[in-house]
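Heads up: the structure comes next, in structure tokens.
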Amino acid sequence: MKKSENQPFVSIVMPVYNAGLFLACSIESILKQTYSNYELVIVDDVSTDNSWEIIQSYQKQHPDKIRAIRLKENTNAAGNGGVNAVYQSLKGEFVARMDADDIAHQERIKEQVKYLVNHPDTILVGTQGITIDAKGNITGKKTEPVKHNDIYKEFFVFHPILHPSVMIRKSLVPQKTYLYENKYGINDDYYTFFKFLQYGKFYNLPKPYLYYRIHGKNFSLQNPKQKFINSIKIRVLAITEFHYIPSVKSIILMAFQIPIVLLLPESWILPVYYFAKGITRPKFSWKKKIALQLDKLKQQSYNSKLKVIKNFYHSYEQSK
């Protein structure tokens with residue numbers, strides 16, 4: 001793999017676990033990038049479907065671009081473990097994350113490299129996203145704050161980074177043997193990026209350079225209630241360990257989130273999250289489900305929480 005003297009070399013890491021349905025599209029989107037000075041490191045986390053066969057096929061066709069690695073044991077870390085397993089071997093000055101079920105815009109790597117080259121104090125650059133379903137149909141968008149100060153403020157309320165869109169400057173990463181902290185499972189990126197706020201600036205490109213696939217089996221969207229509990233723990237640790245300073249508004253918004261998430265049934269949490277983030281509209285009867293939940297709450301006398309859900313319902317109705 002040749003490195004250009006004029007262009008920084010980029011290591012694009014794609015962790016894979018049973019992604020056979022979408023894997024070819026993801027790999028193709030990297031091979032079609034307009035930026036050419038990169039390696040694509042595909043890490044198979046002991047898939048049980050045909051993912052490894054697909055990876056091997058592409059590696060044989062593009063041996064100058066693709067490194068294929070199959071781990072001996074499953075890391076059970078939603079892709080982060082796979083990235084950590086190969087981190088020391090990455091040759092790039094910049095490291096880009098790419099998930100095996102998403103599709104990268106052909107200009108993604110070029111635009112992110114351009115930004116990092118022009119902003120040497122930036123440790124991480126993400127992008128906006130367009131959401132797609134299992135068939136590739138556009139269902140909405142995922143919009144994140146752009147500038148560092150806005151991202152910093154948002155961190156205490158929502159994760160303001162589209163994780164599979166990130167590119168990271170290795171020279172500013174404090175630990176040299178791994179990328180992600182291994183403490184909170186699927187939330188490890190949230191914890192890790194809170195830590196990175198100490199070492200450099202963040203930025204999200206204002207244009208969408210990733211097609212983010214929501215297909216019902218995304219690791220990042222499973223067990224939402226436990227993920228939320230983890231996020232609360234991480235926010236507290238961000239203050240105590242990383243000296244993060246939340247705004248008063250952020251603290252109030254977090255306090256507002258807690259009763260909503262803990263009150264709602266598990267099946268409701270993701271639709272509410274989608275609504276709050278403007279990702280896509282939930283595909284079920286809001287009026288019927290909210291009416292049922294209101295009846296239950298009336299029996300339990302949760303008056304203040306009833307008001308929260310009513311307000312949420314009215315907001316949704318007005319947005320249609």
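Ligands are numbered from 1 in the order shown, residues from 1 within each chain, and chains are lettered A, B, ... in the order they appear in the structure tokens.
The environment of region 233-241 of chain A within 9 Å, counting only C-alpha atoms and disregarding residues fewer than 3 places along the same chain, consists of Phe155, Phe156, Val157, Tyr184, Asn187, Tyr190, Tyr191, Phe194, Lys195, Phe228, Ile229, Asn230, Tyr244, Ile245 and Pro246 of chain A.
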Restricting the output to N, CA and C atoms, write the selected residues as a PDB file, in the first residue's frame.
ATOM      1  N   PHE A 155     -23.166  17.489  24.076  1.00  0.00           N
ATOM      2  CA  PHE A 155     -22.695  16.203  24.585  1.00  0.00           C
ATOM      3  C   PHE A 155     -23.413  15.767  25.857  1.00  0.00           C
ATOM      4  N   PHE A 156     -23.883  16.707  26.650  1.00  0.00           N
ATOM      5  CA  PHE A 156     -24.505  16.356  27.919  1.00  0.00           C
ATOM      6  C   PHE A 156     -25.983  16.004  27.759  1.00  0.00           C
ATOM      7  N   VAL A 157     -26.514  16.193  26.543  1.00  0.00           N
ATOM      8  CA  VAL A 157     -27.940  15.940  26.301  1.00  0.00           C
ATOM      9  C   VAL A 157     -28.132  14.757  25.349  1.00  0.00           C
ATOM     10  N   TYR A 184     -18.178   0.539  28.772  1.00  0.00           N
ATOM     11  CA  TYR A 184     -19.630   0.650  28.718  1.00  0.00           C
ATOM     12  C   TYR A 184     -20.251   0.007  27.486  1.00  0.00           C
ATOM     13  N   ASN A 187     -21.946   1.799  24.530  1.00  0.00           N
ATOM     14  CA  ASN A 187     -21.751   3.224  24.814  1.00  0.00           C
ATOM     15  C   ASN A 187     -20.288   3.629  24.895  1.00  0.00           C
ATOM     16  N   TYR A 190     -19.304   6.899  23.204  1.00  0.00           N
ATOM     17  CA  TYR A 190     -19.759   8.099  23.922  1.00  0.00           C
ATOM     18  C   TYR A 190     -18.784   8.453  25.038  1.00  0.00           C
ATOM     19  N   TYR A 191     -18.396   7.460  25.810  1.00  0.00           N
ATOM     20  CA  TYR A 191     -17.433   7.668  26.896  1.00  0.00           C
ATOM     21  C   TYR A 191     -16.076   8.111  26.343  1.00  0.00           C
ATOM     22  N   PHE A 194     -16.131  11.712  24.978  1.00  0.00           N
ATOM     23  CA  PHE A 194     -16.117  12.657  26.101  1.00  0.00           C
ATOM     24  C   PHE A 194     -14.669  12.891  26.539  1.00  0.00           C
ATOM     25  N   LYS A 195     -13.897  11.813  26.607  1.00  0.00           N
ATOM     26  CA  LYS A 195     -12.493  11.910  26.996  1.00  0.00           C
ATOM     27  C   LYS A 195     -11.700  12.715  25.969  1.00  0.00           C
ATOM     28  N   PHE A 228     -29.443   4.243  27.787  1.00  0.00           N
ATOM     29  CA  PHE A 228     -29.688   5.546  28.394  1.00  0.00           C
ATOM     30  C   PHE A 228     -29.131   5.601  29.815  1.00  0.00           C
ATOM     31  N   ILE A 229     -29.330   4.546  30.582  1.00  0.00           N
ATOM     32  CA  ILE A 229     -28.778   4.497  31.943  1.00  0.00           C
ATOM     33  C   ILE A 229     -27.261   4.615  31.903  1.00  0.00           C
ATOM     34  N   ASN A 230     -26.643   3.917  30.953  1.00  0.00           N
ATOM     35  CA  ASN A 230     -25.191   4.042  30.778  1.00  0.00           C
ATOM     36  C   ASN A 230     -24.791   5.474  30.459  1.00  0.00           C
ATOM     37  N   TYR A 244     -15.502  17.980  32.462  1.00  0.00           N
ATOM     38  CA  TYR A 244     -16.501  18.544  31.560  1.00  0.00           C
ATOM     39  C   TYR A 244     -17.401  19.499  32.344  1.00  0.00           C
ATOM     40  N   ILE A 245     -17.723  20.633  31.737  1.00  0.00           N
ATOM     41  CA  ILE A 245     -18.567  21.627  32.401  1.00  0.00           C
ATOM     42  C   ILE A 245     -19.879  21.763  31.634  1.00  0.00           C
ATOM     43  N   PRO A 246     -20.956  21.152  32.130  1.00  0.00           N
ATOM     44  CA  PRO A 246     -22.242  21.276  31.434  1.00  0.00           C
ATOM     45  C   PRO A 246     -22.884  22.623  31.694  1.00  0.00           C
TER      46      PRO A 246
END
From a DSSP calculation on the backbone, collect every residue of region 11-125 of chain A in strand (DSSP E) and output the set as a PDB file with N, CA and C atoms, in the first residue's frame.
ATOM      1  N   SER A  11      -6.401   5.339   7.338  1.00  0.00           N
ATOM      2  CA  SER A  11      -6.817   3.968   7.610  1.00  0.00           C
ATOM      3  C   SER A  11      -8.325   3.981   7.868  1.00  0.00           C
ATOM      4  N   ILE A  12      -9.067   3.323   7.000  1.00  0.00           N
ATOM      5  CA  ILE A  12     -10.521   3.213   7.159  1.00  0.00           C
ATOM      6  C   ILE A  12     -10.799   1.835   7.756  1.00  0.00           C
ATOM      7  N   VAL A  13     -11.370   1.815   8.939  1.00  0.00           N
ATOM      8  CA  VAL A  13     -11.597   0.546   9.635  1.00  0.00           C
ATOM      9  C   VAL A  13     -13.077   0.199   9.597  1.00  0.00           C
ATOM     10  N   MET A  14     -13.375  -1.003   9.103  1.00  0.00           N
ATOM     11  CA  MET A  14     -14.751  -1.478   8.999  1.00  0.00           C
ATOM     12  C   MET A  14     -14.905  -2.764   9.815  1.00  0.00           C
ATOM     13  N   PRO A  15     -15.426  -2.657  11.039  1.00  0.00           N
ATOM     14  CA  PRO A  15     -15.715  -3.875  11.798  1.00  0.00           C
ATOM     15  C   PRO A  15     -16.974  -4.539  11.254  1.00  0.00           C
ATOM     16  N   VAL A  16     -16.978  -5.868  11.224  1.00  0.00           N
ATOM     17  CA  VAL A  16     -18.083  -6.605  10.612  1.00  0.00           C
ATOM     18  C   VAL A  16     -18.538  -7.725  11.536  1.00  0.00           C
ATOM     19  N   TYR A  38      -5.509   5.574   0.821  1.00  0.00           N
ATOM     20  CA  TYR A  38      -6.067   4.964   2.021  1.00  0.00           C
ATOM     21  C   TYR A  38      -5.860   3.453   1.998  1.00  0.00           C
ATOM     22  N   GLU A  39      -6.036   2.847   3.154  1.00  0.00           N
ATOM     23  CA  GLU A  39      -6.177   1.404   3.290  1.00  0.00           C
ATOM     24  C   GLU A  39      -7.548   1.142   3.920  1.00  0.00           C
ATOM     25  N   LEU A  40      -8.208   0.110   3.463  1.00  0.00           N
ATOM     26  CA  LEU A  40      -9.466  -0.319   4.067  1.00  0.00           C
ATOM     27  C   LEU A  40      -9.171  -1.591   4.853  1.00  0.00           C
ATOM     28  N   VAL A  41      -9.291  -1.489   6.165  1.00  0.00           N
ATOM     29  CA  VAL A  41      -9.016  -2.627   7.042  1.00  0.00           C
ATOM     30  C   VAL A  41     -10.361  -3.179   7.506  1.00  0.00           C
ATOM     31  N   ILE A  42     -10.711  -4.355   6.999  1.00  0.00           N
ATOM     32  CA  ILE A  42     -11.992  -4.975   7.339  1.00  0.00           C
ATOM     33  C   ILE A  42     -11.746  -6.044   8.400  1.00  0.00           C
ATOM     34  N   VAL A  43     -12.435  -5.902   9.521  1.00  0.00           N
ATOM     35  CA  VAL A  43     -12.217  -6.794  10.661  1.00  0.00           C
ATOM     36  C   VAL A  43     -13.474  -7.616  10.881  1.00  0.00           C
ATOM     37  N   ASP A  44     -13.391  -8.904  10.596  1.00  0.00           N
ATOM     38  CA  ASP A  44     -14.539  -9.781  10.817  1.00  0.00           C
ATOM     39  C   ASP A  44     -14.512 -10.307  12.248  1.00  0.00           C
ATOM     40  N   ILE A  66      -7.209  -3.354   0.309  1.00  0.00           N
ATOM     41  CA  ILE A  66      -7.958  -3.973   1.407  1.00  0.00           C
ATOM     42  C   ILE A  66      -7.084  -4.937   2.205  1.00  0.00           C
ATOM     43  N   ARG A  67      -7.140  -4.794   3.516  1.00  0.00           N
ATOM     44  CA  ARG A  67      -6.586  -5.778   4.440  1.00  0.00           C
ATOM     45  C   ARG A  67      -7.755  -6.468   5.127  1.00  0.00           C
ATOM     46  N   ALA A  68      -7.793  -7.765   5.097  1.00  0.00           N
ATOM     47  CA  ALA A  68      -8.881  -8.530   5.703  1.00  0.00           C
ATOM     48  C   ALA A  68      -8.360  -9.296   6.909  1.00  0.00           C
ATOM     49  N   ILE A  69      -9.011  -9.104   8.042  1.00  0.00           N
ATOM     50  CA  ILE A  69      -8.584  -9.733   9.294  1.00  0.00           C
ATOM     51  C   ILE A  69      -9.792 -10.412   9.934  1.00  0.00           C
ATOM     52  N   ARG A  70      -9.628 -11.673  10.283  1.00  0.00           N
ATOM     53  CA  ARG A  70     -10.697 -12.399  10.981  1.00  0.00           C
ATOM     54  C   ARG A  70     -10.230 -12.711  12.392  1.00  0.00           C
ATOM     55  N   PHE A  94      -4.606   9.467   9.789  1.00  0.00           N
ATOM     56  CA  PHE A  94      -5.982   9.635  10.225  1.00  0.00           C
ATOM     57  C   PHE A  94      -6.672   8.274  10.200  1.00  0.00           C
ATOM     58  N   VAL A  95      -7.609   8.069  11.132  1.00  0.00           N
ATOM     59  CA  VAL A  95      -8.371   6.819  11.204  1.00  0.00           C
ATOM     60  C   VAL A  95      -9.845   7.136  11.015  1.00  0.00           C
ATOM     61  N   ALA A  96     -10.466   6.497  10.041  1.00  0.00           N
ATOM     62  CA  ALA A  96     -11.889   6.705   9.768  1.00  0.00           C
ATOM     63  C   ALA A  96     -12.662   5.452  10.145  1.00  0.00           C
ATOM     64  N   ARG A  97     -13.795   5.641  10.802  1.00  0.00           N
ATOM     65  CA  ARG A  97     -14.682   4.527  11.143  1.00  0.00           C
ATOM     66  C   ARG A  97     -15.712   4.378  10.029  1.00  0.00           C
ATOM     67  N   ILE A 103     -23.460   3.352   4.033  1.00  0.00           N
ATOM     68  CA  ILE A 103     -22.895   3.683   2.725  1.00  0.00           C
ATOM     69  C   ILE A 103     -22.247   5.059   2.817  1.00  0.00           C
ATOM     70  N   ALA A 104     -20.993   5.158   2.402  1.00  0.00           N
ATOM     71  CA  ALA A 104     -20.283   6.430   2.436  1.00  0.00           C
ATOM     72  C   ALA A 104     -20.474   7.189   1.128  1.00  0.00           C
ATOM     73  N   THR A 122      -7.828  19.965  15.587  1.00  0.00           N
ATOM     74  CA  THR A 122      -9.046  19.149  15.610  1.00  0.00           C
ATOM     75  C   THR A 122      -8.669  17.678  15.739  1.00  0.00           C
ATOM     76  N   ILE A 123      -9.275  17.001  16.717  1.00  0.00           N
ATOM     77  CA  ILE A 123      -9.003  15.578  16.929  1.00  0.00           C
ATOM     78  C   ILE A 123     -10.018  14.694  16.216  1.00  0.00           C
ATOM     79  N   LEU A 124     -11.228  15.223  16.014  1.00  0.00           N
ATOM     80  CA  LEU A 124     -12.291  14.384  15.445  1.00  0.00           C
ATOM     81  C   LEU A 124     -13.191  15.213  14.547  1.00  0.00           C
ATOM     82  N   VAL A 125     -13.483  14.661  13.368  1.00  0.00           N
ATOM     83  CA  VAL A 125     -14.435  15.306  12.461  1.00  0.00           C
ATOM     84  C   VAL A 125     -15.458  14.270  12.016  1.00  0.00           C
TER      85      VAL A 125
END
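Straight-line separation from CA of Ile258 (chain A) to CA of Asn223 (chain A): 15.8 Å.
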Hey, what's within 12 Å of Leu210 (chain A) if we count only C-alpha atoms and toss same-chain stuff fewer than 6 positions away? As a PyMOL selection string, please? chain A and resi 26+29-30+97-99+101-109+112+126-132+138+141-143+162-166+204
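Minimum distance to Gln226 (chain A) across A:Val146, A:Leu262, A:Ile161, A:Ile54 (counting only C-alpha atoms) occurs at A:Leu262.
Distances from A:Lys114, A:His119, A:Lys225, A:Lys201 to Ile151 (chain A) were compared using only C-alpha atoms, and the smallest one belongs to A:Lys201.
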Using the chain letters and numbers from this document, which residues of region 125-157 of chain A does DSSP assign to helix (DSSP H, G or I), as a PyMOL selection string? chain A and resi 148-154
